[in-house]
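Accompanying notes for the structure given below.
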Amino acid sequence: MGDNVAVTASRLEVVPENPEVELLWWQGCPSTDEARRMLRAALDRSGLSAVVIRTVEVRTDEQARELRFRGSPTIRIDGTDVVELAGGDDPSAGEPAALTCRLYRRRDGRISPTPDPHDVRVAIELSAEARRLSEEVA
Amino acid sequence: MTLTVGDVAPSVSLPDTDGSSWTIPDGDQTAATVVAFTCNHCPYAIAWHERILDAARDYAGRGVRVLLINSNDAHRFPRDSYQAMRERVARERWAVPYLWDETQEAARAFGAKTTPDLFVLDRDGVLRYRGAPDADHHDPSQRAAWLRQALDAVLAGGLPDPSETKPVGCSIKWKP
């Protein structure tokens, strides 16, 4: 009984029911609403409509450094950036943390103030897949 | 200060990436002048950049002068430094001057808010259009339609419609 409880508790600790989805934003960049809509659509499409998007307003340079914030918007799933998760090209890689608009590159090569919707969907799906695998292993 | 449509544009003089000085207004030498506040690091400015350059090329033969201005605080945003401007112009072989507003006085005088933020002046230096290049930074097929409409109207001696749109982009990075 005790072992079962421990296993269950371990599962809960390692694999929460839903991913933690964060949208970090800065008020000086007008792309937040577009990013939120894109993220919501991607979550809905992946059957994760119940997931709450945690929005974090980054207000100061110090806060930007603490959060490793390379610009607005930044979307993270379980703490990992969606572009990194999706294996996309990240033109902001290596940029210092700052209160600015973030550079993204769409899959067709265009520079954009928001991530490629494909990258967001792929990141969510990969995250969900990793979660399923973790549950199976546990 | 915010310049409004119908106002005479302020007089400013700024250096380009070669050190040559450019003045606004330039008397009656040009039929129209486009003053575009932009920068190196902003995704909106980059997304619209080629469309603005295409318009500059298309209207150059009709007496239209296009001036791009970077007013951002280069201390906080090194990618917008004068050196970075020079390197970008050389790398991308710009056909228009890229002016350095080190003191940010030009941005303040025009009331520029974002990158990009466009101001179209007629032959007399009167502001006839202010705002975004077109309706969608994501869509290159828009071809800076609002800018082109404004230039067509000004060159025909008329008034643009729309004469004002909301500038969309990164905020100008003011010095503390």
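Letters A, B, ... mark the chains of the structure tokens in the order given; residue numbers begin at 1 per chain; ligand numbers begin at 1, in order shown.
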From a DSSP pass on the backbone, collect the residues of chain A flagged as helix (DSSP H, G or I) and hand them back as a PyMOL selection string. chain A and resi 2-14+32-45+61-66+82-86+117-137
Contact set, chain B to chain A: 7 Å, only C-alpha atoms, as a list in words: Cys42, Pro43, Tyr44, Ile46, Ala47, Gly169, Cys170 and Ser171 of chain B
Could you please determine the separation between atom CA of Pro160 of chain B and atom CA of Pro97 of chain B in Å, to one decimal place?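 Separating atom CA of Pro160 of chain B from atom CA of Pro97 of chain B is a distance of 24.8 Å.
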If you count only C-alpha atoms, which residues fall within 9 Å of Ala42 of chain A, apart from same-chain ones fewer than 4 positions away, as a ChimeraX atom specification? /A:37-38,46-48,117-118,120-122,124
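With atom CA of Glu164 of chain B on one side and atom CA of Asp80 of chain B on the other, the separation reads 27.1 Å.
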As number ranges by chain, which residues of chain B does DSSP assign to strand (DSSP E)? B: 12-15, 21-24, 32-38, 64-70, 98-100, 114-115, 117-122, 127-131, 170-171
For Asp26 of chain B, list every protein, DNA or RNA residue within 12 Å, evaluated using only C-alpha atoms, and leave out those in the same chain fewer than 6 positions away; present the list as a PyMOL selection string. chain B and resi 9-13+32-33+64-65+67+121-125
As number ranges by chain, please: the residues near Thr2 of chain B (cut-off 10 Å, only C-alpha atoms, same-chain neighbours under 4 positions excluded). B: 7, 107-113
Please dump the current selection as an mmCIF file, in the first residue's frame; keep C-alpha atoms.
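part13.cif, written as the output of this step:
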data_model
loop_
_atom_site.group_PDB
_atom_site.id
_atom_site.type_symbol
_atom_site.label_atom_id
_atom_site.label_comp_id
_atom_site.auth_asym_id
_atom_site.auth_seq_id
_atom_site.Cartn_x
_atom_site.Cartn_y
_atom_site.Cartn_z
ATOM 1 C CA ASP B 7 1.269 70.309 -39.975
ATOM 2 C CA ALA B 107 11.987 61.180 -33.293
ATOM 3 C CA ARG B 108 10.756 63.632 -30.662
ATOM 4 C CA ALA B 109 10.140 66.376 -33.220
ATOM 5 C CA PHE B 110 8.067 64.089 -35.423
ATOM 6 C CA GLY B 111 6.396 62.362 -32.488
ATOM 7 C CA ALA B 112 7.504 58.961 -33.762
ATOM 8 C CA LYS B 113 6.275 56.137 -31.562
#
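Distance check against Leu99 of chain B using only C-alpha atoms: of B:Ala132, B:Ala153, B:Ile24, B:Leu3, the minimum falls on B:Ile24.
The space separating atom CA of Val52 of chain A from atom CA of Ala123 of chain A comes to 16.3 Å.
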Which residues, written as JSON, numbers by chain, have at least one atom at most 10 Å from Lys166 of chain B, with only C-alpha atoms counted and residues fewer than 2 positions away on the same chain left out? {"B": [114, 117, 130, 131, 132, 133, 134, 135, 164, 168, 169]}
Requested write-out: all heavy atoms of the selected residues, as a PDB file, in the first residue's frame:
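Result saved to part-v1.pdb:
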ATOM      1  N   THR B 114       6.911  54.261 -32.947  1.00  0.00           N
ATOM      2  CA  THR B 114       7.264  52.852 -33.153  1.00  0.00           C
ATOM      3  C   THR B 114       8.261  52.713 -34.302  1.00  0.00           C
ATOM      4  O   THR B 114       8.534  53.673 -35.036  1.00  0.00           O
ATOM      5  CB  THR B 114       6.015  52.032 -33.525  1.00  0.00           C
ATOM      6  OG1 THR B 114       5.459  52.564 -34.741  1.00  0.00           O
ATOM      7  CG2 THR B 114       4.964  52.085 -32.436  1.00  0.00           C
ATOM      8  N   ASP B 117       7.471  53.694 -38.276  1.00  0.00           N
ATOM      9  CA  ASP B 117       6.468  54.756 -38.178  1.00  0.00           C
ATOM     10  C   ASP B 117       6.761  55.693 -39.345  1.00  0.00           C
ATOM     11  O   ASP B 117       7.838  56.274 -39.420  1.00  0.00           O
ATOM     12  CB  ASP B 117       6.592  55.483 -36.836  1.00  0.00           C
ATOM     13  CG  ASP B 117       5.361  56.319 -36.503  1.00  0.00           C
ATOM     14  OD1 ASP B 117       4.512  56.497 -37.392  1.00  0.00           O
ATOM     15  OD2 ASP B 117       5.266  56.806 -35.361  1.00  0.00           O
ATOM     16  N   ARG B 130       0.516  59.651 -42.129  1.00  0.00           N
ATOM     17  CA  ARG B 130       1.326  59.162 -41.024  1.00  0.00           C
ATOM     18  C   ARG B 130       0.782  57.792 -40.595  1.00  0.00           C
ATOM     19  O   ARG B 130      -0.424  57.615 -40.438  1.00  0.00           O
ATOM     20  CB  ARG B 130       1.236  60.121 -39.835  1.00  0.00           C
ATOM     21  CG  ARG B 130       2.169  59.764 -38.672  1.00  0.00           C
ATOM     22  CD  ARG B 130       1.497  58.878 -37.653  1.00  0.00           C
ATOM     23  NE  ARG B 130       2.423  58.435 -36.626  1.00  0.00           N
ATOM     24  CZ  ARG B 130       2.631  59.073 -35.491  1.00  0.00           C
ATOM     25  NH1 ARG B 130       1.959  60.178 -35.233  1.00  0.00           N
ATOM     26  NH2 ARG B 130       3.485  58.597 -34.617  1.00  0.00           N
ATOM     27  N   GLY B 131       1.663  56.819 -40.431  1.00  0.00           N
ATOM     28  CA  GLY B 131       1.221  55.541 -39.915  1.00  0.00           C
ATOM     29  C   GLY B 131       2.040  54.377 -40.397  1.00  0.00           C
ATOM     30  O   GLY B 131       3.249  54.481 -40.588  1.00  0.00           O
ATOM     31  N   ALA B 132       1.355  53.248 -40.598  1.00  0.00           N
ATOM     32  CA  ALA B 132       2.004  51.994 -40.999  1.00  0.00           C
ATOM     33  C   ALA B 132       2.157  51.944 -42.518  1.00  0.00           C
ATOM     34  O   ALA B 132       1.430  52.620 -43.245  1.00  0.00           O
ATOM     35  CB  ALA B 132       1.176  50.814 -40.519  1.00  0.00           C
ATOM     36  N   PRO B 133       3.056  51.096 -43.020  1.00  0.00           N
ATOM     37  CA  PRO B 133       3.203  50.958 -44.480  1.00  0.00           C
ATOM     38  C   PRO B 133       1.971  50.325 -45.134  1.00  0.00           C
ATOM     39  O   PRO B 133       1.592  50.691 -46.241  1.00  0.00           O
ATOM     40  CB  PRO B 133       4.426  50.044 -44.628  1.00  0.00           C
ATOM     41  CG  PRO B 133       5.164  50.168 -43.332  1.00  0.00           C
ATOM     42  CD  PRO B 133       4.102  50.377 -42.284  1.00  0.00           C
ATOM     43  N   ASP B 134       1.378  49.362 -44.458  1.00  0.00           N
ATOM     44  CA  ASP B 134       0.162  48.715 -44.961  1.00  0.00           C
ATOM     45  C   ASP B 134      -0.524  48.021 -43.786  1.00  0.00           C
ATOM     46  O   ASP B 134      -0.109  48.182 -42.629  1.00  0.00           O
ATOM     47  CB  ASP B 134       0.453  47.749 -46.128  1.00  0.00           C
ATOM     48  CG  ASP B 134       1.454  46.650 -45.763  1.00  0.00           C
ATOM     49  OD1 ASP B 134       1.303  46.031 -44.692  1.00  0.00           O
ATOM     50  OD2 ASP B 134       2.388  46.411 -46.555  1.00  0.00           O
ATOM     51  N   ALA B 135      -1.530  47.217 -44.101  1.00  0.00           N
ATOM     52  CA  ALA B 135      -2.390  46.697 -43.038  1.00  0.00           C
ATOM     53  C   ALA B 135      -1.867  45.446 -42.349  1.00  0.00           C
ATOM     54  O   ALA B 135      -2.413  45.045 -41.315  1.00  0.00           O
ATOM     55  CB  ALA B 135      -3.783  46.399 -43.617  1.00  0.00           C
ATOM     56  N   GLU B 164      -4.205  58.775 -42.180  1.00  0.00           N
ATOM     57  CA  GLU B 164      -3.573  58.393 -40.922  1.00  0.00           C
ATOM     58  C   GLU B 164      -3.982  56.959 -40.558  1.00  0.00           C
ATOM     59  O   GLU B 164      -5.154  56.609 -40.654  1.00  0.00           O
ATOM     60  CB  GLU B 164      -3.985  59.339 -39.797  1.00  0.00           C
ATOM     61  CG  GLU B 164      -3.115  59.235 -38.585  1.00  0.00           C
ATOM     62  CD  GLU B 164      -3.274  60.459 -37.672  1.00  0.00           C
ATOM     63  OE1 GLU B 164      -4.080  61.351 -37.991  1.00  0.00           O
ATOM     64  OE2 GLU B 164      -2.596  60.492 -36.644  1.00  0.00           O
ATOM     65  N   VAL B 168       2.303  50.529 -36.223  1.00  0.00           N
ATOM     66  CA  VAL B 168       2.413  49.238 -35.534  1.00  0.00           C
ATOM     67  C   VAL B 168       3.868  48.807 -35.529  1.00  0.00           C
ATOM     68  O   VAL B 168       4.515  48.784 -36.571  1.00  0.00           O
ATOM     69  CB  VAL B 168       1.563  48.161 -36.240  1.00  0.00           C
ATOM     70  CG1 VAL B 168       1.768  46.800 -35.595  1.00  0.00           C
ATOM     71  CG2 VAL B 168       0.092  48.541 -36.210  1.00  0.00           C
ATOM     72  N   GLY B 169       4.374  48.468 -34.357  1.00  0.00           N
ATOM     73  CA  GLY B 169       5.755  48.004 -34.279  1.00  0.00           C
ATOM     74  C   GLY B 169       6.296  48.092 -32.872  1.00  0.00           C
ATOM     75  O   GLY B 169       5.550  48.267 -31.911  1.00  0.00           O
TER      76      GLY B 169
END
